[in-house]
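Q: Data file final-v4.cif (mmCIF, C-alpha atoms) is appended below.
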data_structure
loop_
_atom_site.group_PDB
_atom_site.id
_atom_site.type_symbol
_atom_site.label_atom_id
_atom_site.label_comp_id
_atom_site.auth_asym_id
_atom_site.auth_seq_id
_atom_site.Cartn_x
_atom_site.Cartn_y
_atom_site.Cartn_z
ATOM 1 C CA MET L 8 0.000 0.000 0.000
ATOM 2 C CA SER L 9 1.239 3.494 -0.819
ATOM 3 C CA ALA L 10 -0.074 6.739 0.584
ATOM 4 C CA THR L 11 0.931 10.351 0.093
ATOM 5 C CA MET L 12 -0.059 12.801 2.778
ATOM 6 C CA GLU L 13 0.727 15.920 4.654
ATOM 7 C CA PRO L 14 3.093 15.144 7.519
ATOM 8 C CA ASN L 15 1.415 14.180 10.761
ATOM 9 C CA GLY L 16 2.320 17.393 12.613
ATOM 10 C CA PRO L 17 5.486 19.393 11.948
ATOM 11 C CA ARG L 18 8.691 17.527 11.165
ATOM 12 C CA ILE L 19 12.119 19.183 11.188
ATOM 13 C CA VAL L 20 14.767 17.071 9.480
ATOM 14 C CA THR L 21 18.516 17.569 9.904
ATOM 15 C CA VAL L 22 20.656 15.967 7.200
ATOM 16 C CA PHE L 23 24.240 15.878 8.494
ATOM 17 C CA ARG L 24 26.711 14.694 5.832
ATOM 18 C CA SER L 25 30.335 14.314 6.878
ATOM 19 C CA ARG L 26 33.759 12.948 6.046
ATOM 20 C CA LEU L 27 35.920 11.834 8.945
ATOM 21 C CA ARG L 28 39.612 12.469 9.343
ATOM 22 C CA PRO L 29 41.589 9.186 9.175
ATOM 23 C CA GLU L 30 42.623 9.524 12.828
ATOM 24 C CA SER L 31 39.125 10.175 14.295
ATOM 25 C CA GLY L 32 38.734 6.547 15.505
ATOM 26 C CA ALA L 33 37.249 5.326 18.747
ATOM 27 C CA GLU L 34 36.717 8.755 20.314
ATOM 28 C CA TYR L 35 34.499 9.738 17.402
ATOM 29 C CA HIS L 36 32.355 6.615 17.778
ATOM 30 C CA GLU L 37 32.038 7.104 21.527
ATOM 31 C CA THR L 38 30.978 10.743 21.057
ATOM 32 C CA ALA L 39 28.542 9.854 18.247
ATOM 33 C CA GLN L 40 26.943 7.211 20.474
ATOM 34 C CA ARG L 41 26.542 9.698 23.342
ATOM 35 C CA MET L 42 25.005 12.266 20.970
ATOM 36 C CA LEU L 43 22.537 9.678 19.677
ATOM 37 C CA GLU L 44 21.511 8.942 23.281
ATOM 38 C CA LEU L 45 21.178 12.677 23.965
ATOM 39 C CA ALA L 46 18.952 13.184 20.911
ATOM 40 C CA ARG L 47 16.752 10.232 21.903
ATOM 41 C CA SER L 48 16.316 11.654 25.399
ATOM 42 C CA MET L 49 15.110 15.060 24.221
ATOM 43 C CA PRO L 50 11.488 16.273 23.988
ATOM 44 C CA GLY L 51 10.097 16.087 20.470
ATOM 45 C CA PHE L 52 12.633 13.509 19.258
ATOM 46 C CA VAL L 53 11.181 11.470 16.354
ATOM 47 C CA ASP L 54 13.949 9.531 14.628
ATOM 48 C CA PHE L 55 17.711 9.115 14.148
ATOM 49 C CA LYS L 56 19.524 6.960 11.602
ATOM 50 C CA ALA L 57 23.099 6.825 10.294
ATOM 51 C CA PHE L 58 24.191 5.583 6.844
ATOM 52 C CA VAL L 59 27.483 5.342 4.942
ATOM 53 C CA ALA L 60 28.131 5.756 1.184
ATOM 54 C CA ASP L 61 30.466 3.640 -0.959
ATOM 55 C CA ASP L 62 33.043 6.437 -0.922
ATOM 56 C CA GLY L 63 33.058 6.706 2.885
ATOM 57 C CA GLU L 64 30.834 9.775 3.187
ATOM 58 C CA ARG L 65 28.486 9.433 6.166
ATOM 59 C CA VAL L 66 25.010 10.822 6.734
ATOM 60 C CA SER L 67 22.953 11.085 9.890
ATOM 61 C CA ILE L 68 19.273 11.926 9.477
ATOM 62 C CA VAL L 69 17.693 13.333 12.634
ATOM 63 C CA THR L 70 14.025 14.276 12.935
ATOM 64 C CA PHE L 71 12.288 16.403 15.579
ATOM 65 C CA ALA L 72 8.599 17.251 15.958
ATOM 66 C CA SER L 73 9.041 21.046 16.051
ATOM 67 C CA MET L 74 11.585 23.746 15.339
ATOM 68 C CA ALA L 75 11.722 24.521 19.070
ATOM 69 C CA ALA L 76 12.606 20.891 19.836
ATOM 70 C CA HIS L 77 15.210 20.885 17.043
ATOM 71 C CA ARG L 78 16.817 24.060 18.448
ATOM 72 C CA ALA L 79 16.862 22.747 22.010
ATOM 73 C CA TRP L 80 18.792 19.708 20.732
ATOM 74 C CA ARG L 81 21.095 21.786 18.515
ATOM 75 C CA ASP L 82 21.919 24.148 21.381
ATOM 76 C CA HIS L 83 22.189 21.612 24.232
ATOM 77 C CA PRO L 84 25.510 22.284 26.043
ATOM 78 C CA ASP L 85 26.718 18.664 25.624
ATOM 79 C CA HIS L 86 25.868 18.811 21.937
ATOM 80 C CA ARG L 87 27.631 22.164 21.514
ATOM 81 C CA ALA L 88 30.743 20.708 23.168
ATOM 82 C CA ALA L 89 30.597 17.683 20.822
ATOM 83 C CA GLN L 90 30.198 19.981 17.806
ATOM 84 C CA ARG L 91 33.345 21.890 18.810
ATOM 85 C CA LYS L 92 35.280 18.656 19.349
ATOM 86 C CA GLY L 93 34.026 17.428 15.979
ATOM 87 C CA ARG L 94 35.400 20.489 14.183
ATOM 88 C CA GLU L 95 38.691 20.317 16.076
ATOM 89 C CA ARG L 96 39.329 16.575 15.877
ATOM 90 C CA PHE L 97 36.862 14.373 13.947
ATOM 91 C CA TYR L 98 35.642 15.920 10.707
ATOM 92 C CA ALA L 99 37.550 16.620 7.511
ATOM 93 C CA SER L 100 34.373 18.350 6.293
ATOM 94 C CA TYR L 101 30.631 18.398 6.819
ATOM 95 C CA ASP L 102 27.440 19.819 5.346
ATOM 96 C CA ILE L 103 24.307 20.265 7.424
ATOM 97 C CA SER L 104 20.870 21.117 6.114
ATOM 98 C CA VAL L 105 17.818 21.725 8.276
ATOM 99 C CA SER L 106 14.484 21.453 6.535
ATOM 100 C CA GLU L 107 10.751 21.394 7.139
ATOM 101 C CA VAL L 108 8.848 18.393 5.822
ATOM 102 C CA VAL L 109 6.069 19.335 3.390
ATOM 103 C CA GLY L 110 5.046 15.845 2.235
ATOM 104 C CA GLU L 111 5.487 12.218 3.231
ATOM 105 C CA SER L 112 4.726 8.890 1.651
ATOM 106 C CA HIS L 113 4.954 5.333 2.971
ATOM 107 C CA PHE L 114 4.881 1.969 1.205
ATOM 108 C CA GLU L 115 4.771 -1.540 2.634
ATOM 109 C CA SER L 116 4.634 -4.507 0.279
ATOM 110 C CA MET C 8 35.799 27.278 8.771
ATOM 111 C CA SER C 9 32.152 26.912 9.704
ATOM 112 C CA ALA C 10 29.292 29.071 8.471
ATOM 113 C CA THR C 11 25.564 28.990 9.075
ATOM 114 C CA MET C 12 23.362 30.697 6.527
ATOM 115 C CA GLU C 13 20.074 30.784 4.742
ATOM 116 C CA PRO C 14 20.156 28.426 1.773
ATOM 117 C CA ASN C 15 21.428 29.931 -1.448
ATOM 118 C CA GLY C 16 18.038 29.947 -3.202
ATOM 119 C CA PRO C 17 15.301 27.386 -2.558
ATOM 120 C CA ARG C 18 16.298 23.781 -1.942
ATOM 121 C CA ILE C 19 13.811 20.887 -2.009
ATOM 122 C CA VAL C 20 15.220 17.718 -0.466
ATOM 123 C CA THR C 21 13.768 14.249 -0.981
ATOM 124 C CA VAL C 22 14.838 11.657 1.581
ATOM 125 C CA PHE C 23 13.967 8.230 0.201
ATOM 126 C CA ARG C 24 14.552 5.442 2.736
ATOM 127 C CA SER C 25 13.948 1.886 1.567
ATOM 128 C CA ARG C 26 14.423 -1.809 2.247
ATOM 129 C CA LEU C 27 14.841 -4.072 -0.756
ATOM 130 C CA ARG C 28 13.258 -7.478 -1.235
ATOM 131 C CA PRO C 29 15.918 -10.207 -1.245
ATOM 132 C CA GLU C 30 15.236 -10.983 -4.918
ATOM 133 C CA SER C 31 15.451 -7.396 -6.239
ATOM 134 C CA GLY C 32 19.011 -7.922 -7.596
ATOM 135 C CA ALA C 33 20.485 -6.666 -10.837
ATOM 136 C CA GLU C 34 17.265 -5.210 -12.260
ATOM 137 C CA TYR C 35 16.980 -2.918 -9.235
ATOM 138 C CA HIS C 36 20.538 -1.637 -9.685
ATOM 139 C CA GLU C 37 20.029 -1.062 -13.407
ATOM 140 C CA THR C 38 16.799 0.878 -12.747
ATOM 141 C CA ALA C 39 18.369 2.896 -9.916
ATOM 142 C CA GLN C 40 21.279 3.850 -12.187
ATOM 143 C CA ARG C 41 18.895 4.992 -14.947
ATOM 144 C CA MET C 42 16.885 7.034 -12.425
ATOM 145 C CA LEU C 43 20.064 8.706 -11.173
ATOM 146 C CA GLU C 44 20.924 9.657 -14.765
ATOM 147 C CA LEU C 45 17.384 10.951 -15.305
ATOM 148 C CA ALA C 46 17.558 13.121 -12.161
ATOM 149 C CA ARG C 47 20.957 14.525 -13.188
ATOM 150 C CA SER C 48 19.593 15.449 -16.629
ATOM 151 C CA MET C 49 16.640 17.446 -15.287
ATOM 152 C CA PRO C 50 16.416 21.241 -14.891
ATOM 153 C CA GLY C 51 17.057 22.405 -11.345
ATOM 154 C CA PHE C 52 18.934 19.256 -10.303
ATOM 155 C CA VAL C 53 21.353 20.001 -7.441
ATOM 156 C CA ASP C 54 22.561 16.766 -5.882
ATOM 157 C CA PHE C 55 22.007 13.016 -5.521
ATOM 158 C CA LYS C 56 23.697 10.611 -3.126
ATOM 159 C CA ALA C 57 22.961 7.076 -1.925
ATOM 160 C CA PHE C 58 23.958 5.585 1.446
ATOM 161 C CA VAL C 59 23.409 2.266 3.236
ATOM 162 C CA ALA C 60 22.947 1.605 6.978
ATOM 163 C CA ASP C 61 24.449 -1.277 8.983
ATOM 164 C CA ASP C 62 21.085 -3.059 8.974
ATOM 165 C CA GLY C 63 20.720 -2.862 5.176
ATOM 166 C CA GLU C 64 18.329 0.090 5.058
ATOM 167 C CA ARG C 65 19.163 2.384 2.131
ATOM 168 C CA VAL C 66 18.709 6.117 1.734
ATOM 169 C CA SER C 67 18.886 8.296 -1.350
ATOM 170 C CA ILE C 68 19.029 12.047 -0.800
ATOM 171 C CA VAL C 69 17.985 14.051 -3.848
ATOM 172 C CA THR C 70 18.009 17.862 -4.007
ATOM 173 C CA PHE C 71 16.334 20.181 -6.504
ATOM 174 C CA ALA C 72 16.446 23.970 -6.745
ATOM 175 C CA SER C 73 12.674 24.528 -6.692
ATOM 176 C CA MET C 74 9.420 22.743 -5.944
ATOM 177 C CA ALA C 75 8.536 22.958 -9.666
ATOM 178 C CA ALA C 76 11.796 21.193 -10.592
ATOM 179 C CA HIS C 77 11.189 18.568 -7.882
ATOM 180 C CA ARG C 78 7.678 17.891 -9.207
ATOM 181 C CA ALA C 79 8.825 17.652 -12.830
ATOM 182 C CA TRP C 80 11.300 14.960 -11.727
ATOM 183 C CA ARG C 81 8.765 13.167 -9.495
ATOM 184 C CA ASP C 82 6.187 13.097 -12.298
ATOM 185 C CA HIS C 83 8.500 12.301 -15.235
ATOM 186 C CA PRO C 84 6.932 9.336 -17.122
ATOM 187 C CA ASP C 85 10.124 7.218 -16.893
ATOM 188 C CA HIS C 86 10.312 7.942 -13.159
ATOM 189 C CA ARG C 87 6.636 7.076 -12.659
ATOM 190 C CA ALA C 88 7.181 3.767 -14.469
ATOM 191 C CA ALA C 89 10.205 3.033 -12.248
ATOM 192 C CA GLN C 90 8.174 3.896 -9.127
ATOM 193 C CA ARG C 91 5.498 1.382 -10.163
ATOM 194 C CA LYS C 92 8.092 -1.297 -10.870
ATOM 195 C CA GLY C 93 9.712 -0.531 -7.514
ATOM 196 C CA ARG C 94 6.461 -1.149 -5.648
ATOM 197 C CA GLU C 95 5.721 -4.312 -7.630
ATOM 198 C CA ARG C 96 9.186 -5.886 -7.587
ATOM 199 C CA PHE C 97 11.985 -4.130 -5.672
ATOM 200 C CA TYR C 98 10.918 -2.680 -2.341
ATOM 201 C CA ALA C 99 9.828 -4.462 0.812
ATOM 202 C CA SER C 100 9.023 -1.005 2.194
ATOM 203 C CA TYR C 101 9.923 2.634 1.770
ATOM 204 C CA ASP C 102 9.429 6.028 3.393
ATOM 205 C CA ILE C 103 9.744 9.253 1.433
ATOM 206 C CA SER C 104 9.838 12.737 2.880
ATOM 207 C CA VAL C 105 9.979 15.919 0.837
ATOM 208 C CA SER C 106 11.142 19.008 2.662
ATOM 209 C CA GLU C 107 12.151 22.629 2.171
ATOM 210 C CA VAL C 108 15.569 23.644 3.432
ATOM 211 C CA VAL C 109 15.458 26.471 5.968
ATOM 212 C CA GLY C 110 19.117 26.521 7.012
ATOM 213 C CA GLU C 111 22.482 25.201 5.860
ATOM 214 C CA SER C 112 25.945 25.020 7.325
ATOM 215 C CA HIS C 113 29.295 23.933 5.874
ATOM 216 C CA PHE C 114 32.599 23.073 7.513
ATOM 217 C CA GLU C 115 35.953 22.337 5.960
ATOM 218 C CA SER C 116 38.943 21.627 8.201
#
Now that the file is in, can you turn its structure into structure tokens?
A:
Amino acid sequence: MSATMEPNGPRIVTVFRSRLRPESGAEYHETAQRMLELARSMPGFVDFKAFVADDGERVSIVTFASMAAHRAWRDHPDHRAAQRKGRERFYASYDISVSEVVGESHFES
Amino acid sequence: MSATMEPNGPRIVTVFRSRLRPESGAEYHETAQRMLELARSMPGFVDFKAFVADDGERVSIVTFASMAAHRAWRDHPDHRAAQRKGRERFYASYDISVSEVVGESHFES
């Protein structure tokens, strides 16, 4: 079944694409795991998933139920500290986009 | 350097998350490759990238420069035919979200 619909309440999606430095290693994974747990613990959290491309580029897709909830997560002191550490030590580069969902569709065979 | 800014003109992002049926195989990959080429050939195309998660879930992230360009791609007859074939033969399930970018940030170490 396939259905196209307006999203069920607001959805704010962060698409975080990154390339790691070769030396980022275990500390990166430990920090990423803590940040996933932080996101999951926050009001308005909807979904988090991480993927990797053939060429090593990574993407995390993080969804919150309102812009206020998204901002509270973005600005959480532990998250801000992790962002700084990421720029200083983990990431060769990253691109973040924040967007508002305007349509959704689901299919299950 | 890190910079946060309004997007440089409108950006419409499609996040297409899917799980393949075990038997989808070569025909899926051939169709996916043709659909990537179709997207790249269309007016307003910005970016396409595919990623895979540890558990086998896939995501394609496709960006167009306007909602009109996004819709022309979504509704292209070859794309519609591929969507039908996908539901009939390739996908166990999928979730699509279409969203408008409200903020972007880039970092390069």
Q: How many Å separate CA of Lys56 (chain L) from CA of Ala60 (chain C)?
A: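 About the pair CA of Lys56 (chain L) and CA of Ala60 (chain C): they are 7.9 Å apart.
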Q: Only residues of chain C matter here; which ones have an atom within 10 Å of chain L, counting only C-alpha atoms? Give them as a PDB file with C-alpha atoms, keeping the file's coordinate frame.
A:
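Written file, part02.pdb:
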ATOM      1  CA  MET C   8      35.799  27.278   8.771  1.00  0.00           C
ATOM      2  CA  SER C   9      32.152  26.912   9.704  1.00  0.00           C
ATOM      3  CA  ALA C  10      29.292  29.071   8.471  1.00  0.00           C
ATOM      4  CA  THR C  11      25.564  28.990   9.075  1.00  0.00           C
ATOM      5  CA  MET C  12      23.362  30.697   6.527  1.00  0.00           C
ATOM      6  CA  GLU C  13      20.074  30.784   4.742  1.00  0.00           C
ATOM      7  CA  PRO C  14      20.156  28.426   1.773  1.00  0.00           C
ATOM      8  CA  ARG C  18      16.298  23.781  -1.942  1.00  0.00           C
ATOM      9  CA  ILE C  19      13.811  20.887  -2.009  1.00  0.00           C
ATOM     10  CA  VAL C  20      15.220  17.718  -0.466  1.00  0.00           C
ATOM     11  CA  THR C  21      13.768  14.249  -0.981  1.00  0.00           C
ATOM     12  CA  VAL C  22      14.838  11.657   1.581  1.00  0.00           C
ATOM     13  CA  PHE C  23      13.967   8.230   0.201  1.00  0.00           C
ATOM     14  CA  ARG C  24      14.552   5.442   2.736  1.00  0.00           C
ATOM     15  CA  SER C  25      13.948   1.886   1.567  1.00  0.00           C
ATOM     16  CA  ARG C  26      14.423  -1.809   2.247  1.00  0.00           C
ATOM     17  CA  ARG C  28      13.258  -7.478  -1.235  1.00  0.00           C
ATOM     18  CA  LYS C  56      23.697  10.611  -3.126  1.00  0.00           C
ATOM     19  CA  ALA C  57      22.961   7.076  -1.925  1.00  0.00           C
ATOM     20  CA  PHE C  58      23.958   5.585   1.446  1.00  0.00           C
ATOM     21  CA  VAL C  59      23.409   2.266   3.236  1.00  0.00           C
ATOM     22  CA  ALA C  60      22.947   1.605   6.978  1.00  0.00           C
ATOM     23  CA  ASP C  61      24.449  -1.277   8.983  1.00  0.00           C
ATOM     24  CA  ASP C  62      21.085  -3.059   8.974  1.00  0.00           C
ATOM     25  CA  GLY C  63      20.720  -2.862   5.176  1.00  0.00           C
ATOM     26  CA  GLU C  64      18.329   0.090   5.058  1.00  0.00           C
ATOM     27  CA  ARG C  65      19.163   2.384   2.131  1.00  0.00           C
ATOM     28  CA  VAL C  66      18.709   6.117   1.734  1.00  0.00           C
ATOM     29  CA  SER C  67      18.886   8.296  -1.350  1.00  0.00           C
ATOM     30  CA  ILE C  68      19.029  12.047  -0.800  1.00  0.00           C
ATOM     31  CA  ARG C  94       6.461  -1.149  -5.648  1.00  0.00           C
ATOM     32  CA  GLU C  95       5.721  -4.312  -7.630  1.00  0.00           C
ATOM     33  CA  ARG C  96       9.186  -5.886  -7.587  1.00  0.00           C
ATOM     34  CA  PHE C  97      11.985  -4.130  -5.672  1.00  0.00           C
ATOM     35  CA  TYR C  98      10.918  -2.680  -2.341  1.00  0.00           C
ATOM     36  CA  ALA C  99       9.828  -4.462   0.812  1.00  0.00           C
ATOM     37  CA  SER C 100       9.023  -1.005   2.194  1.00  0.00           C
ATOM     38  CA  TYR C 101       9.923   2.634   1.770  1.00  0.00           C
ATOM     39  CA  ASP C 102       9.429   6.028   3.393  1.00  0.00           C
ATOM     40  CA  ILE C 103       9.744   9.253   1.433  1.00  0.00           C
ATOM     41  CA  SER C 104       9.838  12.737   2.880  1.00  0.00           C
ATOM     42  CA  VAL C 105       9.979  15.919   0.837  1.00  0.00           C
ATOM     43  CA  SER C 106      11.142  19.008   2.662  1.00  0.00           C
ATOM     44  CA  GLU C 107      12.151  22.629   2.171  1.00  0.00           C
ATOM     45  CA  VAL C 108      15.569  23.644   3.432  1.00  0.00           C
ATOM     46  CA  VAL C 109      15.458  26.471   5.968  1.00  0.00           C
ATOM     47  CA  GLY C 110      19.117  26.521   7.012  1.00  0.00           C
ATOM     48  CA  GLU C 111      22.482  25.201   5.860  1.00  0.00           C
ATOM     49  CA  SER C 112      25.945  25.020   7.325  1.00  0.00           C
ATOM     50  CA  HIS C 113      29.295  23.933   5.874  1.00  0.00           C
ATOM     51  CA  PHE C 114      32.599  23.073   7.513  1.00  0.00           C
ATOM     52  CA  GLU C 115      35.953  22.337   5.960  1.00  0.00           C
ATOM     53  CA  SER C 116      38.943  21.627   8.201  1.00  0.00           C
TER      54      SER C 116
END
Q: Any chance you could dump chain L, least-squares fitted to chain C on all C-alpha atoms in order, as an mmCIF file with C-alpha atoms, keeping the file's coordinate frame?
A:
data_model
loop_
_atom_site.group_PDB
_atom_site.id
_atom_site.type_symbol
_atom_site.label_atom_id
_atom_site.label_comp_id
_atom_site.auth_asym_id
_atom_site.auth_seq_id
_atom_site.Cartn_x
_atom_site.Cartn_y
_atom_site.Cartn_z
ATOM 1 C CA MET L 8 35.799 27.235 8.784
ATOM 2 C CA SER L 9 32.129 26.904 9.700
ATOM 3 C CA ALA L 10 29.292 29.060 8.463
ATOM 4 C CA THR L 11 25.560 28.998 9.063
ATOM 5 C CA MET L 12 23.369 30.686 6.505
ATOM 6 C CA GLU L 13 20.099 30.800 4.728
ATOM 7 C CA PRO L 14 20.153 28.427 1.767
ATOM 8 C CA ASN L 15 21.421 29.925 -1.459
ATOM 9 C CA GLY L 16 18.029 29.947 -3.212
ATOM 10 C CA PRO L 17 15.301 27.377 -2.564
ATOM 11 C CA ARG L 18 16.300 23.773 -1.949
ATOM 12 C CA ILE L 19 13.816 20.889 -2.009
ATOM 13 C CA VAL L 20 15.223 17.723 -0.463
ATOM 14 C CA THR L 21 13.762 14.247 -0.979
ATOM 15 C CA VAL L 22 14.838 11.665 1.597
ATOM 16 C CA PHE L 23 13.961 8.231 0.195
ATOM 17 C CA ARG L 24 14.546 5.438 2.735
ATOM 18 C CA SER L 25 13.947 1.881 1.568
ATOM 19 C CA ARG L 26 14.408 -1.808 2.245
ATOM 20 C CA LEU L 27 14.840 -4.070 -0.757
ATOM 21 C CA ARG L 28 13.263 -7.457 -1.240
ATOM 22 C CA PRO L 29 15.928 -10.215 -1.257
ATOM 23 C CA GLU L 30 15.227 -10.986 -4.924
ATOM 24 C CA SER L 31 15.457 -7.384 -6.260
ATOM 25 C CA GLY L 32 19.025 -7.892 -7.597
ATOM 26 C CA ALA L 33 20.491 -6.646 -10.838
ATOM 27 C CA GLU L 34 17.271 -5.191 -12.255
ATOM 28 C CA TYR L 35 16.980 -2.909 -9.243
ATOM 29 C CA HIS L 36 20.538 -1.626 -9.676
ATOM 30 C CA GLU L 37 20.036 -1.050 -13.392
ATOM 31 C CA THR L 38 16.809 0.890 -12.751
ATOM 32 C CA ALA L 39 18.379 2.906 -9.906
ATOM 33 C CA GLN L 40 21.278 3.857 -12.185
ATOM 34 C CA ARG L 41 18.895 4.993 -14.942
ATOM 35 C CA MET L 42 16.881 7.046 -12.428
ATOM 36 C CA LEU L 43 20.056 8.715 -11.164
ATOM 37 C CA GLU L 44 20.924 9.656 -14.761
ATOM 38 C CA LEU L 45 17.383 10.962 -15.291
ATOM 39 C CA ALA L 46 17.558 13.125 -12.155
ATOM 40 C CA ARG L 47 20.947 14.529 -13.194
ATOM 41 C CA SER L 48 19.582 15.450 -16.618
ATOM 42 C CA MET L 49 16.639 17.444 -15.275
ATOM 43 C CA PRO L 50 16.409 21.244 -14.888
ATOM 44 C CA GLY L 51 17.052 22.404 -11.340
ATOM 45 C CA PHE L 52 18.923 19.247 -10.304
ATOM 46 C CA VAL L 53 21.353 20.013 -7.439
ATOM 47 C CA ASP L 54 22.563 16.776 -5.872
ATOM 48 C CA PHE L 55 22.008 13.017 -5.520
ATOM 49 C CA LYS L 56 23.697 10.615 -3.114
ATOM 50 C CA ALA L 57 22.944 7.078 -1.919
ATOM 51 C CA PHE L 58 23.964 5.571 1.447
ATOM 52 C CA VAL L 59 23.404 2.257 3.240
ATOM 53 C CA ALA L 60 22.949 1.593 6.990
ATOM 54 C CA ASP L 61 24.454 -1.288 8.980
ATOM 55 C CA ASP L 62 21.087 -3.057 8.975
ATOM 56 C CA GLY L 63 20.710 -2.856 5.182
ATOM 57 C CA GLU L 64 18.311 0.091 5.065
ATOM 58 C CA ARG L 65 19.159 2.386 2.146
ATOM 59 C CA VAL L 66 18.697 6.121 1.735
ATOM 60 C CA SER L 67 18.880 8.297 -1.346
ATOM 61 C CA ILE L 68 19.029 12.051 -0.792
ATOM 62 C CA VAL L 69 17.984 14.059 -3.844
ATOM 63 C CA THR L 70 18.011 17.855 -4.000
ATOM 64 C CA PHE L 71 16.326 20.181 -6.507
ATOM 65 C CA ALA L 72 16.448 23.976 -6.744
ATOM 66 C CA SER L 73 12.666 24.527 -6.704
ATOM 67 C CA MET L 74 9.424 22.736 -5.963
ATOM 68 C CA ALA L 75 8.529 22.946 -9.664
ATOM 69 C CA ALA L 76 11.784 21.190 -10.596
ATOM 70 C CA HIS L 77 11.201 18.566 -7.883
ATOM 71 C CA ARG L 78 7.679 17.884 -9.212
ATOM 72 C CA ALA L 79 8.829 17.640 -12.821
ATOM 73 C CA TRP L 80 11.304 14.947 -11.719
ATOM 74 C CA ARG L 81 8.769 13.171 -9.493
ATOM 75 C CA ASP L 82 6.191 13.092 -12.289
ATOM 76 C CA HIS L 83 8.485 12.290 -15.242
ATOM 77 C CA PRO L 84 6.926 9.326 -17.124
ATOM 78 C CA ASP L 85 10.123 7.213 -16.881
ATOM 79 C CA HIS L 86 10.310 7.930 -13.167
ATOM 80 C CA ARG L 87 6.629 7.072 -12.667
ATOM 81 C CA ALA L 88 7.184 3.757 -14.468
ATOM 82 C CA ALA L 89 10.212 3.031 -12.237
ATOM 83 C CA GLN L 90 8.185 3.890 -9.124
ATOM 84 C CA ARG L 91 5.500 1.379 -10.146
ATOM 85 C CA LYS L 92 8.108 -1.299 -10.867
ATOM 86 C CA GLY L 93 9.718 -0.533 -7.511
ATOM 87 C CA ARG L 94 6.461 -1.143 -5.640
ATOM 88 C CA GLU L 95 5.722 -4.293 -7.635
ATOM 89 C CA ARG L 96 9.177 -5.877 -7.599
ATOM 90 C CA PHE L 97 11.997 -4.135 -5.683
ATOM 91 C CA TYR L 98 10.914 -2.684 -2.351
ATOM 92 C CA ALA L 99 9.840 -4.470 0.811
ATOM 93 C CA SER L 100 9.025 -1.005 2.189
ATOM 94 C CA TYR L 101 9.928 2.641 1.776
ATOM 95 C CA ASP L 102 9.423 6.031 3.397
ATOM 96 C CA ILE L 103 9.739 9.251 1.431
ATOM 97 C CA SER L 104 9.841 12.739 2.874
ATOM 98 C CA VAL L 105 9.977 15.925 0.829
ATOM 99 C CA SER L 106 11.152 19.008 2.656
ATOM 100 C CA GLU L 107 12.153 22.621 2.161
ATOM 101 C CA VAL L 108 15.581 23.638 3.417
ATOM 102 C CA VAL L 109 15.461 26.469 5.964
ATOM 103 C CA GLY L 110 19.129 26.517 7.014
ATOM 104 C CA GLU L 111 22.488 25.198 5.866
ATOM 105 C CA SER L 112 25.946 25.018 7.338
ATOM 106 C CA HIS L 113 29.283 23.935 5.876
ATOM 107 C CA PHE L 114 32.602 23.074 7.512
ATOM 108 C CA GLU L 115 35.977 22.334 5.952
ATOM 109 C CA SER L 116 38.948 21.614 8.194
#
Q: Selection in question (the file shown): the PyMOL selection byres ((chain C and resi 77) around 10). Which residues does it include, as a PyMOL selection string?
A: chain C and resi 18-21+46+49-52+69-76+78-82+105
Q: What is the distance between CA of His83 (chain C) and CA of Leu45 (chain C), in Å to one decimal?
A: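 Interatomic distance here is 9.0 Å.
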Q: How many Å lie between CA of Thr38 (chain L) and CA of Arg87 (chain L), rounded to one decimal?
A: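 Distance reported for this atom pair: 11.9 Å.
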Q: As AutoDock Vina command-line options, what would the box around region 42-55 of chain L look like: edges along x, y and z, 3 Å added on every side, centre and edge lengths in Å to one decimal?
A:
--center_x 17.6 --center_y 12.6 --center_z 19.8 --size_x 20.9 --size_y 13.3 --size_z 17.3
